[in-house]
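Trainee: Mind having a look at this structure? Questions to follow.
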Amino acid sequence: MSMTLFWVIIICSAVAVVIGWIAYGIWQWRENKLEKERPKVRSERYQQATNSVAEYAKKLAEFKKPTYKREDTSSSETQNQKE
């Protein structure tokens, strides 16, 4: 009798554990699905850093290389050779 009661308790416990794991898996899947739908929360510091990088990139895109007028190198070479 006691051995039969033991196996009944073991089987009921195993069934309860299996049901618990299935319920946990469903709950975790539902939480992941909801998390993907929510917008990501960004901190103020992160937003400031992102904005400063975007502003810097915009400034780099608008930057134009300064042009310098160079002296004619061939005329300076000829002057050096004449001396």
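Labeling convention for the structure tokens: chains A, B, ... as they appear, residues from 1 per chain, ligands from 1 in order of appearance.
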Considering only helix (DSSP H, G or I) as DSSP defines it on the backbone, what residues of segment 12-43 of chain A qualify? List them as a ChimeraX atom specification.
Mentor: /A:12-37
